[in-house]
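Dropping structure_11.csv in here (CSV, C-alpha atoms):
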chain,number,residue,atom,x,y,z
I,147,MET,CA,13.9,81.2,195.7
I,148,THR,CA,12.9,78.8,193.0
I,149,GLU,CA,10.5,76.1,194.1
I,150,ARG,CA,12.0,72.7,193.1
I,151,THR,CA,10.9,69.1,192.9
I,152,THR,CA,13.4,66.4,193.7
I,153,VAL,CA,13.3,63.4,191.4
I,154,HIS,CA,16.1,60.9,191.7
I,155,GLY,CA,19.4,63.0,191.6
I,156,LEU,CA,17.8,66.0,190.0
I,157,GLN,CA,16.2,69.1,191.5
I,158,VAL,CA,13.8,70.3,188.8
I,159,ALA,CA,12.2,73.8,188.9
I,160,THR,CA,8.6,72.7,189.8
I,161,PRO,CA,6.9,74.7,186.9
I,162,LEU,CA,9.2,72.9,184.4
I,163,TYR,CA,8.6,69.6,186.1
I,164,ASN,CA,4.8,70.1,185.9
I,165,PHE,CA,5.0,71.3,182.3
I,166,ILE,CA,6.8,68.2,181.2
I,167,ASN,CA,4.6,65.8,183.1
I,168,ASN,CA,1.3,67.5,182.1
I,169,GLU,CA,1.9,68.8,178.6
I,170,VAL,CA,4.9,67.1,177.1
I,171,LEU,CA,4.7,63.5,178.1
I,172,PRO,CA,1.0,62.8,177.4
I,173,GLY,CA,0.7,61.4,173.9
I,174,THR,CA,4.4,60.4,173.6
I,175,GLY,CA,3.9,56.9,175.0
I,176,ILE,CA,6.6,57.5,177.6
I,177,ASP,CA,5.9,56.6,181.3
I,178,GLN,CA,6.5,59.5,183.6
I,179,ALA,CA,8.5,57.5,186.2
I,180,ALA,CA,10.7,56.0,183.5
I,181,TYR,CA,11.3,59.3,181.9
I,182,TRP,CA,12.7,61.0,184.9
I,183,LYS,CA,14.7,57.9,185.8
I,184,GLY,CA,16.2,58.0,182.4
I,185,PHE,CA,16.7,61.8,182.5
I,186,ASP,CA,18.7,61.5,185.7
I,187,GLU,CA,20.8,58.7,184.3
I,188,ILE,CA,21.6,60.7,181.2
I,189,VAL,CA,22.6,63.7,183.2
I,190,SER,CA,24.7,61.8,185.7
I,191,THR,CA,26.5,60.1,182.8
I,192,LEU,CA,27.0,63.0,180.4
I,193,ALA,CA,27.2,66.1,182.6
I,194,PRO,CA,30.7,65.2,184.0
I,195,LYS,CA,31.9,64.5,180.4
I,196,ASN,CA,30.5,67.9,179.4
I,197,ALA,CA,32.5,69.5,182.3
I,198,ALA,CA,35.6,67.7,181.2
I,199,LEU,CA,35.2,69.0,177.7
I,200,LEU,CA,35.0,72.5,178.9
I,201,ALA,CA,38.0,72.0,181.2
I,202,GLU,CA,39.9,70.9,178.1
I,203,ARG,CA,38.8,74.1,176.3
I,204,ASP,CA,40.2,76.1,179.2
I,205,ARG,CA,43.5,74.3,179.1
I,206,ILE,CA,43.9,74.9,175.3
I,207,GLN,CA,43.0,78.5,175.7
I,208,LEU,CA,45.6,79.1,178.4
I,209,GLU,CA,48.3,77.5,176.2
I,210,MET,CA,47.3,79.7,173.3
I,211,ASP,CA,47.2,82.8,175.5
I,212,ALA,CA,50.7,82.1,176.8
I,213,TRP,CA,52.1,81.5,173.2
I,214,HIS,CA,50.6,84.7,171.8
I,215,LYS,CA,51.9,86.7,174.8
I,216,ALA,CA,55.3,85.3,174.2
I,217,ASN,CA,55.1,85.8,170.4
I,218,PRO,CA,53.2,89.1,169.9
I,219,GLY,CA,52.2,90.5,166.5
I,220,PRO,CA,51.6,88.7,163.2
I,221,ILE,CA,52.6,85.0,163.0
I,222,ALA,CA,56.0,84.8,161.4
I,223,ASP,CA,56.3,81.0,161.0
I,224,MET,CA,53.0,79.5,160.2
I,225,ALA,CA,54.3,75.9,160.0
I,226,ALA,CA,55.8,76.2,163.5
I,227,TYR,CA,52.5,77.7,164.8
I,228,GLN,CA,50.5,74.8,163.3
I,229,GLU,CA,52.9,72.3,165.0
I,230,PHE,CA,52.3,74.1,168.3
I,231,LEU,CA,48.5,73.9,167.8
I,232,LYS,CA,48.8,70.2,167.1
I,233,LYS,CA,51.0,69.7,170.2
I,234,ILE,CA,48.5,71.3,172.5
I,235,GLY,CA,45.6,69.4,171.0
I,236,TYR,CA,43.9,72.3,169.2
I,237,LEU,CA,44.5,70.8,165.8
I,238,VAL,CA,43.9,67.0,165.6
I,239,GLU,CA,44.2,64.4,162.9
I,240,GLN,CA,41.1,63.4,161.1
I,241,PRO,CA,39.7,60.3,162.9
I,242,ALA,CA,40.1,57.1,161.0
I,243,LYS,CA,37.2,54.9,160.0
I,244,VAL,CA,34.5,57.5,160.5
I,245,GLN,CA,31.4,57.0,158.4
I,246,ALA,CA,28.2,59.1,158.5
I,247,THR,CA,25.0,58.0,156.7
I,248,THR,CA,21.6,59.5,156.4
I,249,ALA,CA,18.1,58.0,156.1
I,250,ASN,CA,14.5,59.2,156.2
I,251,VAL,CA,15.6,62.7,155.1
I,252,ASP,CA,12.9,65.1,153.9
I,253,SER,CA,13.1,66.6,150.4
I,254,GLU,CA,13.8,70.1,151.8
I,255,LEU,CA,17.2,68.8,152.9
I,256,ALA,CA,17.8,66.0,150.5
I,257,THR,CA,16.9,67.3,147.1
I,258,GLN,CA,15.7,70.9,147.2
I,259,ALA,CA,17.9,74.0,147.5
I,260,GLY,CA,16.4,77.2,148.9
I,261,PRO,CA,16.5,79.8,151.6
I,262,GLN,CA,16.7,79.0,155.3
I,263,LEU,CA,15.5,81.4,158.1
I,264,VAL,CA,16.6,81.6,161.7
I,265,VAL,CA,14.2,82.9,164.3
I,266,PRO,CA,14.2,83.1,168.1
I,267,ILE,CA,11.8,80.4,169.5
I,268,LEU,CA,10.9,82.6,172.4
I,269,ASN,CA,8.8,84.8,170.0
I,270,ALA,CA,5.8,82.9,168.9
I,271,ARG,CA,4.8,85.4,166.3
I,272,TYR,CA,8.3,85.2,164.6
I,273,ALA,CA,8.2,81.4,164.8
I,274,LEU,CA,4.8,81.3,163.1
I,275,ASN,CA,5.8,83.8,160.5
I,276,ALA,CA,8.9,81.8,159.6
I,277,ALA,CA,7.0,78.5,159.4
I,278,ASN,CA,4.5,80.2,157.1
I,279,ALA,CA,7.1,81.7,154.9
I,280,ARG,CA,7.3,78.5,152.9
I,281,TRP,CA,5.1,80.2,150.3
I,282,GLY,CA,5.1,83.9,149.6
I,283,SER,CA,3.6,86.4,147.2
I,284,LEU,CA,6.0,87.5,144.5
I,285,TYR,CA,3.7,90.5,143.8
I,286,ASP,CA,3.9,91.6,147.4
I,287,ALA,CA,7.6,91.1,147.6
I,288,LEU,CA,8.3,93.1,144.5
I,289,TYR,CA,5.8,95.9,145.3
I,290,GLY,CA,7.1,96.5,148.8
I,291,THR,CA,10.9,96.3,148.2
I,292,ASP,CA,13.5,98.2,146.1
I,293,VAL,CA,13.7,95.3,143.6
I,294,ILE,CA,11.3,97.5,141.6
I,295,SER,CA,12.7,101.0,141.1
I,296,GLU,CA,10.5,104.0,142.2
I,297,GLU,CA,11.6,106.0,139.1
I,298,GLY,CA,9.0,107.1,136.5
I,299,GLY,CA,6.2,107.6,139.0
I,300,ALA,CA,6.5,104.1,140.6
I,301,GLU,CA,6.7,105.3,144.2
I,302,ARG,CA,5.8,102.9,147.1
I,303,ALA,CA,4.3,105.5,149.4
I,304,GLY,CA,0.6,106.0,149.8
I,305,GLY,CA,-2.1,103.7,148.5
I,306,TYR,CA,-1.9,101.4,145.6
I,307,ASN,CA,0.1,102.8,142.7
I,308,PRO,CA,-1.0,101.4,139.3
I,309,VAL,CA,2.3,102.5,137.7
I,310,ARG,CA,4.3,100.4,140.3
I,311,GLY,CA,1.8,97.6,140.0
I,312,ALA,CA,2.4,97.4,136.2
I,313,LYS,CA,6.1,97.2,136.8
I,314,VAL,CA,5.5,94.3,139.3
I,315,ILE,CA,3.4,92.4,136.8
I,316,GLU,CA,5.9,92.9,134.0
I,317,PHE,CA,8.7,91.6,136.3
I,318,ALA,CA,6.6,88.6,137.3
I,319,ARG,CA,5.8,87.8,133.6
I,320,ASN,CA,9.5,88.0,132.8
I,321,PHE,CA,10.2,85.6,135.7
I,322,LEU,CA,7.6,83.1,134.3
I,323,ASP,CA,9.2,83.4,130.8
I,324,GLN,CA,12.7,82.7,132.2
I,325,SER,CA,11.7,79.9,134.6
I,326,PHE,CA,8.7,78.3,132.8
I,327,PRO,CA,9.1,79.3,129.1
I,328,LEU,CA,6.3,78.6,126.6
I,329,GLU,CA,6.8,77.1,123.2
I,330,GLY,CA,7.1,80.0,120.8
I,331,ALA,CA,5.2,82.5,123.0
I,332,SER,CA,5.4,84.6,126.1
I,333,HIS,CA,3.4,84.7,129.4
I,334,LYS,CA,3.1,88.4,128.7
I,335,ASP,CA,0.6,87.6,125.9
I,336,ALA,CA,-1.5,85.2,127.9
I,337,THR,CA,-5.2,85.7,128.1
I,338,GLY,CA,-6.1,82.5,129.9
I,339,TYR,CA,-4.7,79.3,131.4
I,340,ALA,CA,-6.2,75.9,131.2
I,341,ILE,CA,-5.3,72.2,131.6
I,342,ALA,CA,-6.1,69.9,128.7
I,343,GLY,CA,-4.9,66.3,128.3
I,344,GLY,CA,-2.6,66.7,131.4
I,345,LYS,CA,-0.8,69.6,129.8
I,346,LEU,CA,-0.8,73.4,130.3
I,347,GLN,CA,-2.6,75.2,127.6
I,348,VAL,CA,-2.1,79.0,127.5
I,349,ALA,CA,-4.5,81.1,125.4
I,350,LEU,CA,-2.8,84.1,123.7
I,351,LYS,CA,-3.8,87.5,122.5
I,352,ASN,CA,-3.5,86.5,118.9
I,353,GLY,CA,-6.1,83.8,119.3
I,354,SER,CA,-3.6,80.9,119.3
I,355,THR,CA,-2.5,78.7,122.2
I,356,ALA,CA,0.9,77.6,123.5
I,357,GLY,CA,2.2,75.0,125.9
I,358,LEU,CA,5.2,74.7,128.1
I,359,LYS,CA,8.6,74.1,126.4
I,360,ASN,CA,9.1,71.4,129.1
I,361,ALA,CA,5.7,69.8,129.7
I,362,ALA,CA,7.1,68.1,132.8
I,363,GLN,CA,7.1,71.5,134.6
I,364,LEU,CA,3.4,71.3,135.2
I,365,VAL,CA,2.7,69.7,138.6
I,366,GLY,CA,-1.0,70.3,139.1
I,367,PHE,CA,-3.9,72.7,139.4
I,368,GLN,CA,-6.7,73.8,141.6
I,369,GLY,CA,-10.3,74.3,140.5
I,370,ASP,CA,-11.7,73.3,137.2
I,371,ALA,CA,-9.2,72.1,134.6
I,372,ALA,CA,-10.8,74.3,131.9
I,373,ALA,CA,-10.6,77.4,134.1
I,374,PRO,CA,-8.2,76.7,137.0
I,375,SER,CA,-7.9,79.0,140.0
I,376,SER,CA,-4.3,77.9,140.4
I,377,VAL,CA,-1.6,76.4,138.3
I,378,LEU,CA,1.4,74.8,140.0
I,379,LEU,CA,4.7,74.6,138.2
I,380,VAL,CA,8.2,73.4,139.2
I,381,ASN,CA,11.7,74.4,138.1
I,382,ASN,CA,14.9,73.0,139.6
I,383,GLY,CA,12.8,71.5,142.5
I,384,ILE,CA,11.2,74.8,143.5
I,385,HIS,CA,7.5,75.5,142.9
I,386,ALA,CA,5.6,78.5,141.6
I,387,ASP,CA,1.8,78.8,141.9
I,388,ILE,CA,0.0,81.1,139.3
I,389,ILE,CA,-3.1,82.3,141.1
I,390,ILE,CA,-6.0,83.1,138.8
I,391,ASN,CA,-8.9,85.1,140.2
I,392,ARG,CA,-10.7,87.7,138.1
I,393,ALA,CA,-12.8,88.7,141.1
I,394,THR,CA,-9.8,90.5,142.7
I,395,PRO,CA,-8.7,94.1,141.8
I,396,ILE,CA,-5.4,92.8,140.2
I,397,GLY,CA,-7.0,89.8,138.5
I,398,SER,CA,-9.8,91.8,137.1
I,399,SER,CA,-7.4,94.1,135.2
I,400,ASP,CA,-5.2,91.2,134.0
I,401,ALA,CA,-5.8,89.8,130.5
I,402,ALA,CA,-5.3,86.2,131.9
I,403,GLY,CA,-7.0,86.9,135.3
I,404,VAL,CA,-3.6,86.4,137.1
I,405,ALA,CA,-4.0,87.8,140.6
I,406,ASP,CA,-0.6,86.8,141.9
I,407,VAL,CA,2.4,84.5,141.5
I,408,VAL,CA,3.2,82.6,144.8
I,409,LEU,CA,6.6,81.2,145.1
I,410,GLU,CA,8.0,78.4,147.3
I,411,ALA,CA,10.4,80.5,149.4
I,412,ALA,CA,11.8,79.6,152.9
I,413,LEU,CA,12.2,75.8,152.6
I,414,SER,CA,13.5,75.4,156.1
I,415,THR,CA,13.7,77.4,159.3
I,416,ILE,CA,15.9,77.1,162.4
I,417,LEU,CA,13.9,77.8,165.5
I,418,ASP,CA,16.7,79.0,167.8
I,419,LEU,CA,17.2,78.2,171.5
I,420,GLU,CA,20.7,79.7,171.4
I,421,ASP,CA,22.2,82.6,169.6
I,422,SER,CA,19.2,84.8,169.1
I,423,VAL,CA,17.6,84.3,172.5
I,424,ALA,CA,18.6,84.6,176.2
I,425,ALA,CA,16.9,81.9,178.1
I,426,VAL,CA,18.4,82.2,181.6
I,427,ASP,CA,16.0,80.2,183.8
I,428,ALA,CA,13.1,77.7,183.9
I,429,GLU,CA,10.5,80.3,183.1
I,430,ASP,CA,12.3,81.2,179.8
I,431,LYS,CA,12.9,77.6,178.9
I,432,ILE,CA,9.2,76.7,179.5
I,433,VAL,CA,8.2,79.5,177.0
I,434,ALA,CA,10.7,78.1,174.5
I,435,TYR,CA,9.7,74.5,174.9
I,436,LYS,CA,6.0,75.4,174.9
I,437,ASN,CA,6.4,77.1,171.6
I,438,TRP,CA,8.2,74.1,170.1
I,439,LEU,CA,5.5,71.8,171.4
I,440,GLY,CA,2.7,74.1,170.0
I,441,ILE,CA,4.2,74.5,166.6
I,442,LEU,CA,4.8,70.7,166.2
I,443,LYS,CA,1.2,69.9,167.3
I,444,GLY,CA,-0.2,72.8,165.2
I,445,THR,CA,-1.8,74.4,168.1
I,446,LEU,CA,0.4,77.5,168.5
I,447,THR,CA,-1.4,80.7,167.7
I,448,GLU,CA,-0.7,84.4,168.3
I,449,SER,CA,-2.9,87.4,168.3
I,450,VAL,CA,-1.7,90.0,165.8
I,451,SER,CA,-2.8,93.6,165.3
I,452,LYS,CA,-2.3,95.1,161.9
I,453,GLY,CA,-3.9,98.1,160.2
I,454,GLY,CA,-6.3,98.6,163.0
I,455,LYS,CA,-7.5,95.1,162.9
I,456,THR,CA,-6.7,92.1,165.3
I,457,PHE,CA,-6.6,88.6,164.1
I,458,THR,CA,-5.3,85.2,165.2
I,459,ARG,CA,-2.3,83.8,163.3
I,460,GLY,CA,-1.7,80.0,163.2
I,461,LEU,CA,0.1,77.6,161.0
I,462,ASN,CA,-0.7,77.4,157.3
I,463,ALA,CA,-2.3,74.2,156.1
I,464,ASP,CA,-0.8,72.0,153.3
I,465,ARG,CA,-1.6,73.0,149.7
I,466,VAL,CA,-3.6,70.4,147.8
I,467,TYR,CA,-3.8,70.2,144.0
I,468,THR,CA,-5.1,67.9,141.3
I,469,GLY,CA,-2.1,66.3,139.5
I,470,VAL,CA,-1.7,66.0,135.7
I,471,ASN,CA,-3.0,62.4,135.9
I,472,GLY,CA,-5.9,63.3,138.1
I,473,GLU,CA,-4.2,62.2,141.3
I,474,LYS,CA,-4.1,64.2,144.5
I,475,VAL,CA,-0.9,66.2,145.0
I,476,THR,CA,-0.1,67.6,148.4
I,477,MET,CA,2.5,70.3,148.9
I,478,HIS,CA,4.0,70.9,152.3
I,479,GLY,CA,2.5,74.2,153.5
I,480,ARG,CA,5.1,75.2,156.0
I,481,SER,CA,8.8,75.6,156.3
I,482,MET,CA,10.7,72.4,157.4
I,483,LEU,CA,11.6,73.2,161.0
I,484,PHE,CA,15.0,72.6,162.7
I,485,LEU,CA,15.6,73.3,166.4
I,486,ARG,CA,19.0,74.7,167.4
I,487,ASN,CA,19.9,73.4,170.9
I,488,VAL,CA,22.3,75.2,173.1
I,489,GLY,CA,26.0,74.2,172.8
I,490,HIS,CA,28.3,72.6,175.4
I,491,LEU,CA,29.2,75.9,177.1
I,492,MET,CA,26.1,77.1,178.8
I,493,THR,CA,24.4,75.9,182.0
I,494,ASN,CA,20.9,76.7,183.3
I,495,PRO,CA,19.5,76.7,186.8
I,496,ALA,CA,16.2,75.2,185.6
I,497,ILE,CA,17.6,71.8,186.8
I,498,LEU,CA,20.2,71.2,189.4
I,499,TRP,CA,22.2,67.9,189.6
I,500,GLY,CA,24.9,66.5,191.8
I,501,GLY,CA,23.8,68.7,194.7
I,502,ASP,CA,23.8,72.3,193.5
I,503,LYS,CA,25.4,72.2,190.0
I,504,GLU,CA,23.4,73.8,187.2
I,505,ILE,CA,22.5,71.3,184.4
I,506,PRO,CA,24.4,71.7,181.1
I,507,GLU,CA,21.8,73.4,179.1
I,508,GLY,CA,22.6,71.5,175.9
I,509,ILE,CA,21.9,68.2,177.6
I,510,MET,CA,18.6,69.5,179.0
I,511,ASP,CA,17.6,70.7,175.5
I,512,ALA,CA,18.5,67.4,173.9
I,513,ILE,CA,16.3,65.4,176.2
I,514,VAL,CA,13.3,67.8,176.3
I,515,THR,CA,13.2,68.9,172.7
I,516,THR,CA,13.4,65.4,171.2
I,517,THR,CA,10.8,64.2,173.6
I,518,ILE,CA,8.5,67.0,172.3
I,519,ALA,CA,9.4,66.0,168.8
I,520,LEU,CA,7.8,62.6,169.4
I,521,HIS,CA,4.4,64.3,169.0
I,522,ASP,CA,5.4,65.0,165.4
I,523,LEU,CA,6.7,61.5,164.8
I,524,LYS,CA,3.5,60.0,166.2
I,525,GLY,CA,1.3,62.3,164.1
I,526,ASN,CA,-0.3,64.1,167.0
I,527,GLY,CA,-0.6,67.4,165.1
I,528,VAL,CA,-4.1,68.9,164.5
I,529,ASN,CA,-5.7,68.8,161.1
I,530,GLY,CA,-2.9,66.5,159.7
I,531,ILE,CA,-0.1,69.1,160.4
I,532,ARG,CA,3.3,67.4,160.3
I,533,ASN,CA,6.8,68.8,160.3
I,534,SER,CA,8.7,65.8,158.9
I,535,ARG,CA,6.9,63.4,156.5
I,536,LYS,CA,9.9,61.0,156.7
I,537,GLY,CA,9.9,60.5,160.5
I,538,SER,CA,13.0,62.6,161.4
I,539,VAL,CA,13.9,65.2,163.9
I,540,TYR,CA,16.3,68.0,162.8
I,541,ILE,CA,18.5,69.3,165.6
I,542,VAL,CA,21.2,71.9,165.1
I,543,LYS,CA,24.0,71.5,167.6
I,544,PRO,CA,26.4,74.4,167.5
I,545,LYS,CA,29.9,75.3,168.4
I,546,MET,CA,31.5,71.9,168.9
I,547,HIS,CA,35.3,71.9,168.9
I,548,GLY,CA,36.7,68.8,167.4
I,549,PRO,CA,35.8,65.1,167.1
I,550,VAL,CA,35.7,64.4,170.9
I,551,GLU,CA,33.1,67.1,171.5
I,552,VAL,CA,31.1,65.9,168.5
I,553,GLY,CA,31.3,62.3,169.9
Here is the file; what I need is its structure written in the form of structure tokens.
Amino acid sequence: MTERTTVHGLQVATPLYNFINNEVLPGTGIDQAAYWKGFDEIVSTLAPKNAALLAERDRIQLEMDAWHKANPGPIADMAAYQEFLKKIGYLVEQPAKVQATTANVDSELATQAGPQLVVPILNARYALNAANARWGSLYDALYGTDVISEEGGAERAGGYNPVRGAKVIEFARNFLDQSFPLEGASHKDATGYAIAGGKLQVALKNGSTAGLKNAAQLVGFQGDAAAPSSVLLVNNGIHADIIINRATPIGSSDAAGVADVVLEAALSTILDLEDSVAAVDAEDKIVAYKNWLGILKGTLTESVSKGGKTFTRGLNADRVYTGVNGEKVTMHGRSMLFLRNVGHLMTNPAILWGGDKEIPEGIMDAIVTTTIALHDLKGNGVNGIRNSRKGSVYIVKPKMHGPVEVG
């Protein structure tokens, strides 16, 4: 029997009630009594509407079932079928005078185009891995996948294979030539990278130097301008970081000291409360909400064992560079995080309302997850960690059928 705390018209599983009071609300500026009063008012207003929407879904489904039983097989008259769907309310006219606008949208959504991951939020390690997948090693990705053929002695098995490594480096140099071409030269012939007069200067094997065809592709660098440890470039809004370190095994054998090329990869991630998880009670929901809270505050960590060693994984910091004009350039170090709330259909026994009815889980998610997101909006993250720099919360709301459900 679940222990519950009665607050207004809600019966909240006591562990969830305590988690919200003790871990979520502090730092948000929200008074506990006002929060639960508002929570109850929202549920009492919206839960009956949610139930009515689901009843309407059932009505439409019964109408469609009856039609298909009466008209088995392929649809012979599509126009008539569409009229039937309109008559029962499955197809509706586009609403008039609807306008949607956006403001305070981060660049990962507004101007950049790149991969998006989806991970179950119940798994802290997956969530951290996805958030940290904003930047990834091109060398590692090429070496460990079938992008590079294993023909000609370039097998992946065993220890480091220098034949395969050479193919990886060749591929990466071709990538640099395609995405960040030099004026009259190739990155394959580079013997050194430097920043001079706010421009990239690449020393070549023949003793000459070359710059970028498009000088504006240089964003910044780390270390000394004359011998940088990192050169940050941009193409079509996506960044690549040439890592230079002659003290590493790869860098020591490279003419230019290039140890890796790190690419901006997963620009955004959906942390999923719905499709990829099964959160069936208060205990599950607390795990999910706690992970969301920890990742926004930058406190979520996970112990990882790999190769016989155990270490603690947390969130990556931002990447800081010196810009071409000497100004500080900060690149977001983590994937921009969305949170997928549960849709209209599911209920959850974590909170009861109206006596003994389970709360619509999507309503519970909406209230709790956006409250947690206040920690990000208020800058409560450790070490300056932020998700949105524009002051937004990104919620994915799935499986809504038509404008009434969206409303």
Checklist entry - Got a sec: who's within 10 Å of I:Asn471, counting all atoms listed in the file, leaving out chain neighbours fewer than 3 positions off, as a PyMOL selection string? => result chain I and resi 343-345+365-366+468+474
Checklist entry - Between I:Pro220, I:Gly469, I:Pro308, I:Gly353, which one has atoms that come closest to I:Pro395, using only C-alpha atoms? => result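 Among I:Pro220, I:Gly469, I:Pro308, I:Gly353, it is I:Pro308 that comes nearest to I:Pro395.
Picture a line from atom CA of I:Asn494 to atom CA of I:Val426; it runs 6.3 Å.
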Checklist entry - Pick from I:Val153, I:Leu200, I:Ala512, I:Ala300: nearest to I:Leu491, with all atoms listed in the file counted? => result I:Leu200
Next on the checklist: Could you check the closest approach to I:Val542 for each of I:Thr493, I:Thr515, I:Thr148, I:Asn250 and tell me which residue wins, using all atoms listed in the file?
Outcome noted: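 For I:Val542, the nearest of the given residues is I:Thr515.
Among the candidates I:Met224, I:Leu439, I:Ala180, I:Val488, the one nearest to I:Thr517 when counting all atoms listed in the file is I:Leu439.
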Next on the checklist: If I take atom CA of I:Lys183 and atom CA of I:Leu498, how far is one from the other in Å, to one decimal?
Outcome noted: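 Computed distance, atom CA of I:Lys183 to atom CA of I:Leu498, equals 14.8 Å.
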Next on the checklist: One number please: atom CA of I:Lys545 to atom CA of I:Val170, in Å, one decimal.
Outcome noted: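 Going from atom CA of I:Lys545 over to atom CA of I:Val170, I get 27.7 Å.
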Next on the checklist: Let me make sure I understand: among I:Ala496, I:Ala259, I:Ala393, I:Val552, which one has the smallest atom-to-atom distance to I:Leu156 if we use only C-alpha atoms?
Outcome noted: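 That would be I:Ala496, the residue with the smallest distance to I:Leu156.
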Item to check | Residue neighbourhood I:Val293, 12 Å, only C-alpha atoms, exclusion window fewer than 6 positions, as a list in words | outcome: Leu284, Tyr285, Asp286, Ala287, Ala300, Arg302, Arg310, Lys313, Val314, Phe317 and Ala318 of chain I
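Take the candidates I:Gly453, I:Gly282, I:Pro241, I:Pro161 and check each one against I:Asp406 using all atoms listed in the file; the shortest distance goes to I:Gly282.
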